[in-house]
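So this block is protein_17.tsv, TSV, N, CA and C atoms:
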chain	number	residue	atom	x	y	z
A	1	MET	N	-5.31	-7.40	-64.30
A	1	MET	CA	-4.70	-8.01	-65.45
A	1	MET	C	-3.95	-6.93	-66.23
A	2	VAL	N	-2.73	-7.22	-66.61
A	2	VAL	CA	-1.89	-6.30	-67.36
A	2	VAL	C	-1.70	-6.87	-68.76
A	3	ILE	N	-1.93	-6.05	-69.76
A	3	ILE	CA	-1.71	-6.46	-71.15
A	3	ILE	C	-0.62	-5.58	-71.73
A	4	ILE	N	0.46	-6.19	-72.18
A	4	ILE	CA	1.55	-5.47	-72.84
A	4	ILE	C	1.43	-5.76	-74.33
A	5	ASN	N	1.36	-4.72	-75.15
A	5	ASN	CA	1.23	-4.87	-76.59
A	5	ASN	C	2.47	-4.24	-77.23
A	6	LYS	N	3.32	-5.08	-77.82
A	6	LYS	CA	4.55	-4.59	-78.45
A	6	LYS	C	4.71	-5.30	-79.78
A	7	ASP	N	4.89	-4.53	-80.83
A	7	ASP	CA	5.09	-5.07	-82.18
A	7	ASP	C	3.96	-6.03	-82.58
A	8	GLY	N	2.73	-5.73	-82.14
A	8	GLY	CA	1.59	-6.55	-82.50
A	8	GLY	C	1.42	-7.81	-81.68
A	9	LYS	N	2.32	-8.06	-80.73
A	9	LYS	CA	2.22	-9.24	-79.88
A	9	LYS	C	1.72	-8.81	-78.50
A	10	LYS	N	0.70	-9.51	-78.01
A	10	LYS	CA	0.12	-9.19	-76.71
A	10	LYS	C	0.48	-10.26	-75.69
A	11	VAL	N	0.84	-9.81	-74.50
A	11	VAL	CA	1.12	-10.71	-73.41
A	11	VAL	C	0.26	-10.28	-72.22
A	12	VAL	N	-0.40	-11.23	-71.57
A	12	VAL	CA	-1.27	-10.95	-70.43
A	12	VAL	C	-0.57	-11.41	-69.17
A	13	ILE	N	-0.51	-10.53	-68.16
A	13	ILE	CA	0.17	-10.80	-66.91
A	13	ILE	C	-0.77	-10.43	-65.77
A	14	SER	N	-0.81	-11.23	-64.73
A	14	SER	CA	-1.60	-10.89	-63.54
A	14	SER	C	-0.69	-10.20	-62.53
A	15	GLY	N	-1.20	-9.13	-61.89
A	15	GLY	CA	-0.44	-8.44	-60.86
A	15	GLY	C	-1.10	-7.14	-60.47
A	16	SER	N	-0.69	-6.59	-59.33
A	16	SER	CA	-1.27	-5.34	-58.87
A	16	SER	C	-0.25	-4.21	-58.84
A	17	SER	N	1.03	-4.51	-59.07
A	17	SER	CA	2.06	-3.49	-59.09
A	17	SER	C	3.01	-3.80	-60.24
A	18	VAL	N	3.20	-2.83	-61.14
A	18	VAL	CA	4.06	-3.02	-62.31
A	18	VAL	C	5.09	-1.91	-62.37
A	19	GLN	N	6.34	-2.28	-62.59
A	19	GLN	CA	7.42	-1.31	-62.75
A	19	GLN	C	8.24	-1.72	-63.95
A	20	ILE	N	8.46	-0.79	-64.90
A	20	ILE	CA	9.28	-1.04	-66.08
A	20	ILE	C	10.37	0.02	-66.13
A	21	THR	N	11.62	-0.40	-65.97
A	21	THR	CA	12.75	0.51	-65.96
A	21	THR	C	13.92	-0.12	-66.68
A	22	ASP	N	14.54	0.62	-67.57
A	22	ASP	CA	15.73	0.16	-68.29
A	22	ASP	C	15.54	-1.21	-68.93
A	23	GLY	N	14.38	-1.44	-69.54
A	23	GLY	CA	14.11	-2.69	-70.23
A	23	GLY	C	13.78	-3.85	-69.32
A	24	LYS	N	13.69	-3.61	-68.01
A	24	LYS	CA	13.34	-4.67	-67.07
A	24	LYS	C	11.95	-4.39	-66.52
A	25	MET	N	11.16	-5.45	-66.41
A	25	MET	CA	9.81	-5.33	-65.90
A	25	MET	C	9.66	-6.15	-64.63
A	26	PHE	N	9.06	-5.52	-63.63
A	26	PHE	CA	8.80	-6.21	-62.37
A	26	PHE	C	7.30	-6.16	-62.12
A	27	VAL	N	6.69	-7.33	-61.90
A	27	VAL	CA	5.28	-7.44	-61.60
A	27	VAL	C	5.18	-8.02	-60.19
A	28	ASP	N	4.62	-7.23	-59.28
A	28	ASP	CA	4.54	-7.63	-57.87
A	28	ASP	C	5.90	-8.05	-57.33
A	29	GLY	N	6.95	-7.33	-57.74
A	29	GLY	CA	8.30	-7.57	-57.24
A	29	GLY	C	9.09	-8.65	-57.96
A	30	LYS	N	8.46	-9.41	-58.84
A	30	LYS	CA	9.15	-10.47	-59.57
A	30	LYS	C	9.49	-9.99	-60.98
A	31	GLU	N	10.74	-10.28	-61.43
A	31	GLU	CA	11.17	-9.82	-62.74
A	31	GLU	C	10.52	-10.64	-63.85
A	32	PHE	N	10.10	-9.92	-64.90
A	32	PHE	CA	9.51	-10.51	-66.09
A	32	PHE	C	10.34	-10.05	-67.27
A	33	ASN	N	10.74	-10.94	-68.17
A	33	ASN	CA	11.60	-10.58	-69.29
A	33	ASN	C	10.80	-9.89	-70.38
A	34	ILE	N	10.86	-8.56	-70.41
A	34	ILE	CA	10.08	-7.78	-71.37
A	34	ILE	C	10.61	-7.95	-72.79
A	35	GLU	N	11.89	-8.36	-72.94
A	35	GLU	CA	12.45	-8.55	-74.28
A	35	GLU	C	11.83	-9.73	-75.01
A	36	GLU	N	11.15	-10.61	-74.27
A	36	GLU	CA	10.47	-11.73	-74.90
A	36	GLU	C	9.20	-11.29	-75.63
A	37	ILE	N	8.78	-10.08	-75.36
A	37	ILE	CA	7.57	-9.57	-76.01
A	37	ILE	C	7.96	-8.91	-77.32
A	38	GLY	N	7.40	-9.36	-78.40
A	38	GLY	CA	7.63	-8.73	-79.70
A	38	GLY	C	9.04	-8.94	-80.22
A	39	ASN	N	9.42	-8.13	-81.15
A	39	ASN	CA	10.69	-8.23	-81.85
A	39	ASN	C	11.76	-7.46	-81.09
A	40	VAL	N	12.76	-8.13	-80.59
A	40	VAL	CA	13.84	-7.49	-79.85
A	40	VAL	C	14.61	-6.52	-80.76
A	41	ASP	N	14.67	-6.80	-82.06
A	41	ASP	CA	15.41	-5.96	-82.99
A	41	ASP	C	14.58	-4.79	-83.52
A	42	SER	N	13.48	-4.48	-82.86
A	42	SER	CA	12.61	-3.38	-83.29
A	42	SER	C	13.41	-2.09	-83.36
A	43	SER	N	13.05	-1.20	-84.28
A	43	SER	CA	13.75	0.08	-84.41
A	43	SER	C	13.51	0.98	-83.21
A	44	ASN	N	12.43	0.75	-82.47
A	44	ASN	CA	12.16	1.52	-81.26
A	44	ASN	C	11.73	0.56	-80.16
A	45	PRO	N	12.67	0.10	-79.33
A	45	PRO	CA	12.35	-0.91	-78.31
A	45	PRO	C	11.39	-0.43	-77.24
A	46	ASN	N	11.20	0.89	-77.11
A	46	ASN	CA	10.28	1.44	-76.11
A	46	ASN	C	8.90	1.71	-76.67
A	47	LYS	N	8.64	1.30	-77.90
A	47	LYS	CA	7.34	1.55	-78.51
A	47	LYS	C	6.41	0.39	-78.19
A	48	TYR	N	5.71	0.52	-77.10
A	48	TYR	CA	4.72	-0.48	-76.71
A	48	TYR	C	3.65	0.22	-75.90
A	49	GLU	N	2.51	-0.42	-75.77
A	49	GLU	CA	1.45	0.14	-74.96
A	49	GLU	C	1.13	-0.81	-73.82
A	50	ILE	N	0.68	-0.24	-72.72
A	50	ILE	CA	0.33	-1.02	-71.55
A	50	ILE	C	-1.15	-0.78	-71.27
A	51	VAL	N	-1.91	-1.87	-71.13
A	51	VAL	CA	-3.33	-1.78	-70.81
A	51	VAL	C	-3.56	-2.54	-69.52
A	52	ILE	N	-4.10	-1.85	-68.52
A	52	ILE	CA	-4.44	-2.48	-67.25
A	52	ILE	C	-5.94	-2.66	-67.24
A	53	GLN	N	-6.41	-3.89	-67.22
A	53	GLN	CA	-7.85	-4.14	-67.16
A	53	GLN	C	-8.22	-4.37	-65.71
A	54	GLY	N	-8.94	-3.42	-65.15
A	54	GLY	CA	-9.30	-3.46	-63.73
A	54	GLY	C	-8.46	-2.47	-62.96
A	55	ASP	N	-8.41	-2.66	-61.65
A	55	ASP	CA	-7.69	-1.74	-60.77
A	55	ASP	C	-6.23	-2.17	-60.63
A	56	ILE	N	-5.36	-1.19	-60.33
A	56	ILE	CA	-3.94	-1.48	-60.07
A	56	ILE	C	-3.46	-0.53	-58.99
A	57	ASP	N	-2.55	-1.03	-58.19
A	57	ASP	CA	-2.03	-0.23	-57.09
A	57	ASP	C	-0.99	0.77	-57.58
A	58	LYS	N	0.05	0.29	-58.28
A	58	LYS	CA	1.15	1.16	-58.70
A	58	LYS	C	1.65	0.77	-60.08
A	59	LEU	N	1.91	1.78	-60.92
A	59	LEU	CA	2.46	1.55	-62.24
A	59	LEU	C	3.54	2.59	-62.49
A	60	GLU	N	4.79	2.14	-62.65
A	60	GLU	CA	5.92	3.03	-62.93
A	60	GLU	C	6.61	2.55	-64.19
A	61	VAL	N	6.72	3.43	-65.18
A	61	VAL	CA	7.28	3.08	-66.48
A	61	VAL	C	8.26	4.17	-66.91
A	62	THR	N	9.44	3.77	-67.37
A	62	THR	CA	10.39	4.76	-67.87
A	62	THR	C	9.88	5.38	-69.16
A	63	GLN	N	9.53	4.56	-70.15
A	63	GLN	CA	9.07	5.07	-71.43
A	63	GLN	C	8.19	4.05	-72.12
A	64	CYS	N	7.09	4.54	-72.69
A	64	CYS	CA	6.21	3.70	-73.49
A	64	CYS	C	5.36	4.60	-74.38
A	65	GLU	N	4.60	4.00	-75.27
A	65	GLU	CA	3.72	4.76	-76.16
A	65	GLU	C	2.53	5.30	-75.37
A	66	THR	N	1.75	4.42	-74.77
A	66	THR	CA	0.58	4.82	-73.98
A	66	THR	C	0.35	3.85	-72.83
A	67	ILE	N	-0.28	4.37	-71.79
A	67	ILE	CA	-0.74	3.58	-70.66
A	67	ILE	C	-2.24	3.79	-70.57
A	68	THR	N	-3.01	2.71	-70.52
A	68	THR	CA	-4.45	2.80	-70.33
A	68	THR	C	-4.84	1.94	-69.14
A	69	VAL	N	-5.56	2.53	-68.19
A	69	VAL	CA	-6.07	1.80	-67.04
A	69	VAL	C	-7.59	1.87	-67.10
A	70	THR	N	-8.25	0.71	-67.18
A	70	THR	CA	-9.71	0.70	-67.30
A	70	THR	C	-10.41	0.87	-65.96
A	71	GLY	N	-9.68	0.69	-64.86
A	71	GLY	CA	-10.26	0.82	-63.53
A	71	GLY	C	-9.62	1.95	-62.75
A	72	ASN	N	-9.55	1.78	-61.45
A	72	ASN	CA	-8.95	2.77	-60.56
A	72	ASN	C	-7.49	2.45	-60.32
A	73	VAL	N	-6.73	3.47	-59.93
A	73	VAL	CA	-5.30	3.32	-59.71
A	73	VAL	C	-4.88	4.17	-58.52
A	74	ARG	N	-3.83	3.70	-57.83
A	74	ARG	CA	-3.31	4.48	-56.71
A	74	ARG	C	-2.21	5.44	-57.17
A	75	LYS	N	-1.29	4.96	-58.01
A	75	LYS	CA	-0.16	5.80	-58.44
A	75	LYS	C	0.29	5.39	-59.83
A	76	VAL	N	0.47	6.37	-60.73
A	76	VAL	CA	1.01	6.13	-62.06
A	76	VAL	C	2.11	7.16	-62.32
A	77	HIS	N	3.25	6.68	-62.80
A	77	HIS	CA	4.36	7.59	-63.12
A	77	HIS	C	5.08	7.07	-64.35
A	78	THR	N	5.34	7.95	-65.31
A	78	THR	CA	6.13	7.61	-66.48
A	78	THR	C	7.01	8.80	-66.86
A	79	GLN	N	8.19	8.52	-67.37
A	79	GLN	CA	9.06	9.58	-67.87
A	79	GLN	C	8.52	10.11	-69.19
A	80	CYS	N	8.08	9.19	-70.05
A	80	CYS	CA	7.59	9.58	-71.36
A	80	CYS	C	6.48	8.62	-71.78
A	81	GLY	N	5.31	9.16	-72.06
A	81	GLY	CA	4.19	8.36	-72.51
A	81	GLY	C	2.88	8.96	-72.04
A	82	SER	N	1.85	8.85	-72.84
A	82	SER	CA	0.55	9.37	-72.47
A	82	SER	C	-0.15	8.40	-71.52
A	83	ILE	N	-0.98	8.95	-70.62
A	83	ILE	CA	-1.67	8.16	-69.61
A	83	ILE	C	-3.17	8.40	-69.75
A	84	ASN	N	-3.93	7.32	-69.85
A	84	ASN	CA	-5.39	7.40	-69.95
A	84	ASN	C	-5.98	6.50	-68.86
A	85	ILE	N	-6.62	7.11	-67.86
A	85	ILE	CA	-7.20	6.36	-66.76
A	85	ILE	C	-8.71	6.55	-66.81
A	86	LYS	N	-9.43	5.46	-67.00
A	86	LYS	CA	-10.89	5.54	-67.12
A	86	LYS	C	-11.57	5.62	-65.77
A	87	GLY	N	-10.88	5.25	-64.71
A	87	GLY	CA	-11.43	5.32	-63.36
A	87	GLY	C	-10.86	6.51	-62.61
A	88	ASP	N	-10.80	6.37	-61.29
A	88	ASP	CA	-10.30	7.43	-60.42
A	88	ASP	C	-8.89	7.10	-59.95
A	89	VAL	N	-8.20	8.12	-59.40
A	89	VAL	CA	-6.84	7.98	-58.92
A	89	VAL	C	-6.82	8.31	-57.43
A	90	ASP	N	-6.36	7.35	-56.61
A	90	ASP	CA	-6.28	7.58	-55.16
A	90	ASP	C	-5.02	8.35	-54.77
A	91	GLY	N	-4.04	8.42	-55.66
A	91	GLY	CA	-2.77	9.08	-55.37
A	91	GLY	C	-2.40	10.06	-56.47
A	92	ASP	N	-1.21	9.90	-57.03
A	92	ASP	CA	-0.65	10.86	-57.99
A	92	ASP	C	-0.53	10.26	-59.39
A	93	VAL	N	-0.59	11.16	-60.39
A	93	VAL	CA	-0.36	10.81	-61.80
A	93	VAL	C	0.67	11.80	-62.34
A	94	HIS	N	1.82	11.28	-62.80
A	94	HIS	CA	2.88	12.14	-63.32
A	94	HIS	C	3.42	11.57	-64.62
A	95	THR	N	3.68	12.45	-65.57
A	95	THR	CA	4.45	12.12	-66.77
A	95	THR	C	5.25	13.37	-67.13
A	96	ASN	N	6.47	13.19	-67.58
A	96	ASN	CA	7.26	14.33	-68.02
A	96	ASN	C	6.90	14.74	-69.43
A	97	CYS	N	6.59	13.78	-70.28
A	97	CYS	CA	6.28	14.06	-71.67
A	97	CYS	C	5.10	13.20	-72.10
A	98	GLY	N	3.92	13.80	-72.20
A	98	GLY	CA	2.73	13.07	-72.60
A	98	GLY	C	1.49	13.68	-71.99
A	99	SER	N	0.35	13.36	-72.54
A	99	SER	CA	-0.92	13.88	-72.04
A	99	SER	C	-1.50	12.94	-70.99
A	100	ILE	N	-2.35	13.50	-70.13
A	100	ILE	CA	-3.02	12.73	-69.08
A	100	ILE	C	-4.51	12.95	-69.19
A	101	THR	N	-5.27	11.86	-69.21
A	101	THR	CA	-6.74	11.91	-69.15
A	101	THR	C	-7.15	10.99	-68.01
A	102	CYS	N	-7.95	11.51	-67.08
A	102	CYS	CA	-8.33	10.70	-65.92
A	102	CYS	C	-9.62	11.22	-65.29
A	103	GLY	N	-10.14	10.45	-64.33
A	103	GLY	CA	-11.30	10.84	-63.55
A	103	GLY	C	-10.85	11.65	-62.35
A	104	ASN	N	-11.52	11.48	-61.23
A	104	ASN	CA	-11.17	12.20	-60.00
A	104	ASN	C	-9.79	11.79	-59.52
A	105	VAL	N	-9.04	12.77	-58.98
A	105	VAL	CA	-7.69	12.53	-58.49
A	105	VAL	C	-7.59	13.07	-57.06
A	106	ASP	N	-7.16	12.21	-56.12
A	106	ASP	CA	-6.97	12.64	-54.74
A	106	ASP	C	-5.60	13.25	-54.52
A	107	GLY	N	-4.66	13.02	-55.40
A	107	GLY	CA	-3.29	13.54	-55.25
A	107	GLY	C	-2.99	14.58	-56.31
A	108	ASP	N	-1.75	14.57	-56.79
A	108	ASP	CA	-1.27	15.53	-57.79
A	108	ASP	C	-1.36	14.95	-59.19
A	109	VAL	N	-1.59	15.83	-60.17
A	109	VAL	CA	-1.54	15.48	-61.59
A	109	VAL	C	-0.55	16.46	-62.22
A	110	HIS	N	0.46	15.89	-62.93
A	110	HIS	CA	1.51	16.77	-63.46
A	110	HIS	C	2.06	16.22	-64.78
A	111	THR	N	2.23	17.12	-65.75
A	111	THR	CA	2.96	16.82	-66.97
A	111	THR	C	3.76	18.06	-67.35
A	112	ASN	N	4.98	17.87	-67.82
A	112	ASN	CA	5.80	18.99	-68.29
A	112	ASN	C	5.45	19.37	-69.71
A	113	MET	N	5.16	18.37	-70.55
A	113	MET	CA	4.83	18.62	-71.95
A	113	MET	C	3.62	17.78	-72.34
A	114	GLY	N	2.45	18.37	-72.35
A	114	GLY	CA	1.24	17.65	-72.70
A	114	GLY	C	0.03	18.30	-72.05
A	115	ASN	N	-1.13	17.74	-72.32
A	115	ASN	CA	-2.38	18.27	-71.79
A	115	ASN	C	-2.88	17.41	-70.65
A	116	ILE	N	-3.69	18.02	-69.78
A	116	ILE	CA	-4.36	17.30	-68.70
A	116	ILE	C	-5.86	17.48	-68.89
A	117	ASN	N	-6.57	16.36	-69.00
A	117	ASN	CA	-8.03	16.39	-69.16
A	117	ASN	C	-8.67	15.55	-68.08
A	118	TYR	N	-9.68	16.12	-67.41
A	118	TYR	CA	-10.40	15.39	-66.37
A	118	TYR	C	-11.72	14.91	-66.93
A	119	ARG	N	-12.03	13.65	-66.65
A	119	ARG	CA	-13.30	13.07	-67.04
A	119	ARG	C	-14.22	13.16	-65.84
A	120	LYS	N	-15.44	13.59	-66.05
A	120	LYS	CA	-16.39	13.70	-64.93
A	120	LYS	C	-17.46	12.66	-65.03

Here is the file; what I need is its structure written in the form of structure tokens.
Amino acid sequence: MVIINKDGKKVVISGSSVQITDGKMFVDGKEFNIEEIGNVDSSNPNKYEIVIQGDIDKLEVTQCETITVTGNVRKVHTQCGSINIKGDVDGDVHTNCGSITCGNVDGDVHTNMGNINYRK
């Protein structure tokens, strides 16, 4: 289950693969209109948080406030935004700008600007 929280409005979506790029969201390959979430006229259209309840295969986001995954994940990548994974990672976790907190990682963990914390 994917929860998108933008401007105080929450939307729940079912899916195992989420990609958000250039204001477009794809859940399991199908486009979802992200502009319908919250106020389109917001001063910062990329200010939203993503919460994944349970496991997810892949999450790719251009920019967001935070990503939280309560379960395990195979791959997470964001250009800008902090990543908090409460479970383990079977693949890679990357962000260019933001901190990463996660459990065990089988792949690479990388951030250009931010901290990396492992939960044991």

key: Selection: 7 Å around Asn104 (chain A), all atoms listed in the file, excl. self and same-chain fewer than 5 positions, as a PyMOL selection string   = chain A and resi 87-90+118-120

ask   = When distances are computed from all atoms listed in the file, which of A:Thr95, A:Thr62, A:Gln53, A:Thr68 shows the smallest separation from Gln19 (chain A)?
value = A:Thr62

ask   = Neighbours of region 99-103 of chain A within 9 Å (only C-alpha atoms; same-chain residues fewer than 4 positions away dropped), as a list in words?
value =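 The residues that qualify are Asn72, Gly81, Ser82, Ile83, Asn84, Ile85, Lys86, Gly87, Asp88, Val89, Val93, His94, Thr95, Val109, His110, Thr111, Met113, Gly114, Asn115, Ile116, Asn117, Tyr118, Arg119 and Lys120 of chain A.
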
Write a file of the selected residues as a short mmCIF file (atom, residue, chain, number, x, y, z; two decimals), in the frame of the given file, keeping N, CA and C atoms.
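What landed in again37.cif:
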data_model
loop_
_atom_site.label_atom_id
_atom_site.label_comp_id
_atom_site.auth_asym_id
_atom_site.auth_seq_id
_atom_site.Cartn_x
_atom_site.Cartn_y
_atom_site.Cartn_z
N ASN A 72 -9.55 1.78 -61.45
CA ASN A 72 -8.95 2.77 -60.56
C ASN A 72 -7.49 2.45 -60.32
N GLY A 81 5.31 9.16 -72.06
CA GLY A 81 4.19 8.36 -72.51
C GLY A 81 2.88 8.96 -72.04
N SER A 82 1.85 8.85 -72.84
CA SER A 82 0.55 9.37 -72.47
C SER A 82 -0.15 8.40 -71.52
N ILE A 83 -0.98 8.95 -70.62
CA ILE A 83 -1.67 8.16 -69.61
C ILE A 83 -3.17 8.40 -69.75
N ASN A 84 -3.93 7.32 -69.85
CA ASN A 84 -5.39 7.40 -69.95
C ASN A 84 -5.98 6.50 -68.86
N ILE A 85 -6.62 7.11 -67.86
CA ILE A 85 -7.20 6.36 -66.76
C ILE A 85 -8.71 6.55 -66.81
N LYS A 86 -9.43 5.46 -67.00
CA LYS A 86 -10.89 5.54 -67.12
C LYS A 86 -11.57 5.62 -65.77
N GLY A 87 -10.88 5.25 -64.71
CA GLY A 87 -11.43 5.32 -63.36
C GLY A 87 -10.86 6.51 -62.61
N ASP A 88 -10.80 6.37 -61.29
CA ASP A 88 -10.30 7.43 -60.42
C ASP A 88 -8.89 7.10 -59.95
N VAL A 89 -8.20 8.12 -59.40
CA VAL A 89 -6.84 7.98 -58.92
C VAL A 89 -6.82 8.31 -57.43
N VAL A 93 -0.59 11.16 -60.39
CA VAL A 93 -0.36 10.81 -61.80
C VAL A 93 0.67 11.80 -62.34
N HIS A 94 1.82 11.28 -62.80
CA HIS A 94 2.88 12.14 -63.32
C HIS A 94 3.42 11.57 -64.62
N THR A 95 3.68 12.45 -65.57
CA THR A 95 4.45 12.12 -66.77
C THR A 95 5.25 13.37 -67.13
N VAL A 109 -1.59 15.83 -60.17
CA VAL A 109 -1.54 15.48 -61.59
C VAL A 109 -0.55 16.46 -62.22
N HIS A 110 0.46 15.89 -62.93
CA HIS A 110 1.51 16.77 -63.46
C HIS A 110 2.06 16.22 -64.78
N THR A 111 2.23 17.12 -65.75
CA THR A 111 2.96 16.82 -66.97
C THR A 111 3.76 18.06 -67.35
N MET A 113 5.16 18.37 -70.55
CA MET A 113 4.83 18.62 -71.95
C MET A 113 3.62 17.78 -72.34
N GLY A 114 2.45 18.37 -72.35
CA GLY A 114 1.24 17.65 -72.70
C GLY A 114 0.03 18.30 -72.05
N ASN A 115 -1.13 17.74 -72.32
CA ASN A 115 -2.38 18.27 -71.79
C ASN A 115 -2.88 17.41 -70.65
N ILE A 116 -3.69 18.02 -69.78
CA ILE A 116 -4.36 17.30 -68.70
C ILE A 116 -5.86 17.48 -68.89
N ASN A 117 -6.57 16.36 -69.00
CA ASN A 117 -8.03 16.39 -69.16
C ASN A 117 -8.67 15.55 -68.08
N TYR A 118 -9.68 16.12 -67.41
CA TYR A 118 -10.40 15.39 -66.37
C TYR A 118 -11.72 14.91 -66.93
N ARG A 119 -12.03 13.65 -66.65
CA ARG A 119 -13.30 13.07 -67.04
C ARG A 119 -14.22 13.16 -65.84
N LYS A 120 -15.44 13.59 -66.05
CA LYS A 120 -16.39 13.70 -64.93
C LYS A 120 -17.46 12.66 -65.03
#

inquiry  = Neighbouring residues of Gly54 (chain A) were defined as those with any atom within 8 Å, considering only C-alpha atoms; residues of the same chain fewer than 6 positions away were excluded. Please report them as a ChimeraX atom specification.
reply    = /A:1,69-72

Store the residues picked out above, limited to N, CA and C atoms, as a short mmCIF file (atom, residue, chain, number, x, y, z; two decimals), in the frame of the given file.
data_model
loop_
_atom_site.label_atom_id
_atom_site.label_comp_id
_atom_site.auth_asym_id
_atom_site.auth_seq_id
_atom_site.Cartn_x
_atom_site.Cartn_y
_atom_site.Cartn_z
N MET A 1 -5.31 -7.40 -64.30
CA MET A 1 -4.70 -8.01 -65.45
C MET A 1 -3.95 -6.93 -66.23
N VAL A 69 -5.56 2.53 -68.19
CA VAL A 69 -6.07 1.80 -67.04
C VAL A 69 -7.59 1.87 -67.10
N THR A 70 -8.25 0.71 -67.18
CA THR A 70 -9.71 0.70 -67.30
C THR A 70 -10.41 0.87 -65.96
N GLY A 71 -9.68 0.69 -64.86
CA GLY A 71 -10.26 0.82 -63.53
C GLY A 71 -9.62 1.95 -62.75
N ASN A 72 -9.55 1.78 -61.45
CA ASN A 72 -8.95 2.77 -60.56
C ASN A 72 -7.49 2.45 -60.32
#

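CA of Val105 (chain A) is found 24.7 Å from CA of Ser14 (chain A).
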
Pick from A:Lys30, A:Lys9, A:Arg74, A:Lys24, whichever lies nearest to Lys58 (chain A) using all atoms listed in the file =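 Result for the nearest residue to Lys58 (chain A): A:Arg74.
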
task = Give me the residues within 10 Å of Thr21 (chain A) as a list in words, counting only C-alpha atoms and dropping any in the same chain fewer than 2 places off.
result =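 The neighbour list is Gln19, Gly23, Lys24, Met25, Phe26, Glu60, Val61, Thr62, Gln63, Thr78 and Gln79 of chain A.
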
message = Just list as a PyMOL selection string whatever in region 13-109 of chain A DSSP marks as strand (DSSP E or B).
response = chain A and resi 13+17-21+24-27+30-32+48-52+56-69+73-85+89+93-97+100-102+105+109

key: Pick from A:Lys10, A:His77, A:Phe32, A:Cys97, whichever lies nearest to Glu49 (chain A) using only C-alpha atoms   =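 Closest to Glu49 (chain A) of all the choices is A:Lys10.
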
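Across the model, the gap from atom C of Asn96 (chain A) to CA of Val51 (chain A) is 19.5 Å.
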